[in-house]
Amino acid sequence: MRQLAALLCLLPALASAQLNVSIAIFDPGIPEDYSLHQDLEVFPKIRKIESLFLPFVLRQALVDSGEWGAVRVVPEADSAAELLITGTIGHSDGEALAISLRAVDARGHEWVQGTYTTDGHYDRIFDGFLADLLASRGQLDDRTLRGIVGLSLMRYAAALVPDAYGEYFESLPDGTYRLLRLPAETDPMMARVERVRSVEYVMTDAIDQKFRELHDEADAVYEIWREYRRWYTNFRSQEARRNELATSSGESGSYEAMRKAYDNYRMDRLAAQEQDKWIVGFNNEMAPIIDKMEQRIAEMNAFVEEGYADWTRILGELFEIEGSLE
């Protein structure tokens, strides 16, 4: 372990704030049973938009904190990331929001897992999560953080060239990983792996930019939707009060009671129709943006997957050639 400690010191100087963070797009949390959507106030298309929109809000909060390295929104979870954040939307009605968030480092060690809620200030929902994240990082020394960076690189390298780097770390029975050693600073194969990774980062950054564009274009429309939902929630509260008054002020079966019941029903139907119009309008506004972004992401992912297969083959062949020359 002394040799590993010495090699960790050869990694670029790493302040404790410089871990790179990957945020996978959130699980929209849409029940498979369609009959539950209305009762739970789940709007599937809007949830899908939120699953793409909210990770960027979290990304921006992490960037603005100045406490982390590169922060990227990625289409899929990467377990080899230095720090990976995943999330599931549990509730979102335009006024209240609840998201379950989990942060795991390249070792497979869980930093944070919990549900975070807000009742109107969507831009503040991640404050508690960021505080918990910093608290977890504060429990680790710089050597441990450097080890996470090294292990992330080794897991990535082993995925590309298993024969070359598969024994640089080990998988433990509890599902976590431990770094055993690092390659020499002058290892030519590692230099190639790092070049491959830098190209993939360029592609990931391009995808991340698409999420930024979605955020910029959706922000204003999304706020209008939330404003309407706040109005609708308030209307439902007033309706409940009207029903209570109608029950207490009119004799059951009387004309007055029937008229109030009809008025309440008519108001409820009008509100439901208005809500449907807003949902359709929001979906129509955002659908072209979402479709365009998903198409672009699919193209980039296809490029990366095809390139990854080629890179794996080429690096494997280079490893065999270099091994035969020793």
# chains A, B, ... in the order shown; residues from 1 in each chain; ligands from 1
call {"tool": "closest_atom_pairs", "arguments": {"of": "segment 60-112 of chain A", "to": "segment 124-146 of chain A", "cutoff": "8 Å", "atoms": "only C-alpha atoms", "output": "Markdown table"}}
result
| residue | atom | partner | partner_atom | distance |
| --- | --- | --- | --- | --- |
| A:Ala61 | CA | A:Phe126 | CA | 7.5 |
| A:Leu62 | CA | A:Leu130 | CA | 7.3 |
| A:Leu97 | CA | A:Ile125 | CA | 7.9 |
| A:Leu101 | CA | A:Phe129 | CA | 7.8 |
| A:Ala103 | CA | A:Leu133 | CA | 7.8 |
| A:Trp111 | CA | A:Ser136 | CA | 5.7 |
| A:Val112 | CA | A:Leu133 | CA | 6.4 |
call {"tool": "closest_atom_pairs", "arguments": {"of": "segment 36-140 of chain A", "to": "segment 191-202 of chain A", "cutoff": "12 Å", "atoms": "only C-alpha atoms", "output": "Markdown table"}}
result
| residue | atom | partner | partner_atom | distance |
| --- | --- | --- | --- | --- |
| A:Ala70 | CA | A:Tyr201 | CA | 10.1 |
| A:Val71 | CA | A:Tyr201 | CA | 11.1 |
| A:Arg72 | CA | A:Tyr201 | CA | 9.3 |
| A:Val73 | CA | A:Tyr201 | CA | 11.5 |
| A:Val74 | CA | A:Tyr201 | CA | 10.5 |
| A:Ala81 | CA | A:Tyr201 | CA | 11.6 |
call {"tool": "residues_around", "arguments": {"residues": "Arg212 of chain A", "least_positions_apart": "5", "cutoff": "10 Å", "atoms": "only C-alpha atoms", "output": "PyMOL selection string"}}
result
chain A and resi 52-53+55-57+59-60+73+206-207+217-218
call {"tool": "atom_distance", "arguments": {"atom1": "atom CA of Ile85 of chain A", "atom2": "atom CA of Arg102 of chain A"}}
result
5.6 Å
call {"tool": "select_by_dssp", "arguments": {"residues": "segment 31-233 of chain A", "states": "alpha helix (DSSP H)", "output": "ChimeraX atom specification"}}
result
/A:35-39,44-65,127-137,142-160,162-165,188-233
call {"tool": "write_last_selection", "arguments": {"atoms": "C-alpha atoms", "output": "CSV table (one decimal), in the first residue's frame"}}
result
chain,number,residue,atom,x,y,z
A,35,SER,CA,-55.4,4.9,-14.0
A,36,LEU,CA,-53.2,6.3,-11.2
A,37,HIS,CA,-52.0,9.3,-13.2
A,38,GLN,CA,-55.1,11.5,-12.5
A,39,ASP,CA,-55.3,10.6,-8.8
A,44,PRO,CA,-46.4,12.0,-18.1
A,45,LYS,CA,-45.2,14.3,-20.8
A,46,ILE,CA,-44.4,17.1,-18.4
A,47,ARG,CA,-42.7,14.7,-16.0
A,48,LYS,CA,-40.5,13.6,-19.0
A,49,ILE,CA,-39.6,17.2,-19.6
A,50,GLU,CA,-38.8,17.7,-15.9
A,51,SER,CA,-36.6,14.6,-15.9
A,52,LEU,CA,-34.4,16.4,-18.5
A,53,PHE,CA,-34.9,19.9,-17.1
A,54,LEU,CA,-34.2,19.5,-13.4
A,55,PRO,CA,-30.8,17.7,-13.7
A,56,PHE,CA,-29.5,20.9,-15.3
A,57,VAL,CA,-30.9,23.0,-12.4
A,58,LEU,CA,-28.9,20.7,-10.1
A,59,ARG,CA,-25.8,21.0,-12.4
A,60,GLN,CA,-26.0,24.8,-12.3
A,61,ALA,CA,-26.3,24.7,-8.5
A,62,LEU,CA,-23.1,22.6,-8.2
A,63,VAL,CA,-21.3,24.8,-10.7
A,64,ASP,CA,-22.3,28.0,-8.9
A,65,SER,CA,-21.1,26.6,-5.6
A,127,ASP,CA,-29.8,23.3,-1.3
A,128,GLY,CA,-30.1,20.5,1.3
A,129,PHE,CA,-28.7,17.9,-1.1
A,130,LEU,CA,-25.6,20.1,-1.8
A,131,ALA,CA,-25.1,20.6,1.9
A,132,ASP,CA,-25.3,16.8,2.5
A,133,LEU,CA,-22.9,16.3,-0.4
A,134,LEU,CA,-20.3,18.7,1.0
A,135,ALA,CA,-20.7,17.1,4.4
A,136,SER,CA,-19.9,13.7,3.0
A,137,ARG,CA,-16.9,15.0,1.1
A,142,ASP,CA,-7.2,14.4,0.0
A,143,ARG,CA,-5.5,11.0,-0.4
A,144,THR,CA,-8.9,9.2,-0.4
A,145,LEU,CA,-10.2,11.7,-3.0
A,146,ARG,CA,-7.1,11.2,-5.2
A,147,GLY,CA,-7.8,7.4,-4.9
A,148,ILE,CA,-11.3,8.0,-6.2
A,149,VAL,CA,-9.9,9.8,-9.2
A,150,GLY,CA,-7.4,7.1,-9.8
A,151,LEU,CA,-9.9,4.3,-9.4
A,152,SER,CA,-12.3,6.0,-11.8
A,153,LEU,CA,-9.6,6.2,-14.4
A,154,MET,CA,-8.6,2.5,-13.8
A,155,ARG,CA,-12.2,1.3,-14.1
A,156,TYR,CA,-12.5,3.3,-17.4
A,157,ALA,CA,-9.2,1.9,-18.7
A,158,ALA,CA,-10.2,-1.7,-17.7
A,159,ALA,CA,-13.4,-1.3,-19.7
A,160,LEU,CA,-11.4,-0.4,-22.7
A,162,PRO,CA,-9.4,-5.5,-19.6
A,163,ASP,CA,-6.2,-7.5,-20.1
A,164,ALA,CA,-4.1,-4.4,-19.4
A,165,TYR,CA,-5.8,-2.8,-16.5
A,188,PRO,CA,2.1,4.6,-23.3
A,189,MET,CA,-1.1,2.6,-23.2
A,190,MET,CA,-2.5,4.8,-20.4
A,191,ALA,CA,-1.6,7.8,-22.5
A,192,ARG,CA,-3.8,6.4,-25.2
A,193,VAL,CA,-6.6,5.6,-22.8
A,194,GLU,CA,-6.6,9.2,-21.5
A,195,ARG,CA,-6.8,10.5,-25.1
A,196,VAL,CA,-9.8,8.3,-25.7
A,197,ARG,CA,-11.4,9.5,-22.5
A,198,SER,CA,-10.7,13.2,-23.5
A,199,VAL,CA,-12.5,12.6,-26.8
A,200,GLU,CA,-15.5,11.0,-25.0
A,201,TYR,CA,-15.5,14.0,-22.6
A,202,VAL,CA,-15.8,16.3,-25.7
A,203,MET,CA,-18.8,14.3,-26.8
A,204,THR,CA,-20.3,14.4,-23.3
A,205,ASP,CA,-19.8,18.1,-23.1
A,206,ALA,CA,-21.6,18.5,-26.4
A,207,ILE,CA,-24.6,16.5,-25.0
A,208,ASP,CA,-24.4,18.5,-21.8
A,209,GLN,CA,-24.8,21.7,-24.0
A,210,LYS,CA,-28.0,20.3,-25.3
A,211,PHE,CA,-29.4,20.0,-21.8
A,212,ARG,CA,-28.3,23.6,-21.3
A,213,GLU,CA,-30.2,24.7,-24.4
A,214,LEU,CA,-33.3,22.8,-23.1
A,215,HIS,CA,-33.1,24.6,-19.8
A,216,ASP,CA,-32.8,28.0,-21.4
A,217,GLU,CA,-35.7,27.4,-23.7
A,218,ALA,CA,-37.9,25.6,-21.2
A,219,ASP,CA,-37.4,27.9,-18.2
A,220,ALA,CA,-39.9,30.6,-19.1
A,221,VAL,CA,-42.6,28.1,-20.3
A,222,TYR,CA,-42.1,25.9,-17.3
A,223,GLU,CA,-42.6,28.8,-14.9
A,224,ILE,CA,-45.9,29.7,-16.6
A,225,TRP,CA,-47.0,26.1,-16.2
A,226,ARG,CA,-46.0,26.2,-12.5
A,227,GLU,CA,-47.9,29.5,-12.1
A,228,TYR,CA,-51.0,27.9,-13.5
A,229,ARG,CA,-50.7,24.9,-11.2
A,230,ARG,CA,-50.4,27.2,-8.2
A,231,TRP,CA,-53.6,28.8,-9.3
A,232,TYR,CA,-55.3,25.5,-9.8
A,233,THR,CA,-54.2,24.2,-6.4
call {"tool": "closest_residue", "arguments": {"among": "A:Ile89, A:Leu19, A:Ala184, A:Ala77", "to": "Phe43 of chain A", "atoms": "only C-alpha atoms"}}
result
A:Ile89
call {"tool": "closest_residue", "arguments": {"among": "A:Asn20, A:Ile25, A:Ile30, A:Tyr168", "to": "Ser92 of chain A", "atoms": "only C-alpha atoms"}}
result
A:Ile30
call {"tool": "closest_residue", "arguments": {"among": "A:Gly108, A:Gly69, A:Val21, A:Ser100", "to": "Glu82 of chain A", "atoms": "only C-alpha atoms"}}
result
A:Val21
call {"tool": "atom_distance", "arguments": {"atom1": "atom CA of Gln113 of chain A", "atom2": "atom CA of Thr88 of chain A"}}
result
11.3 Å
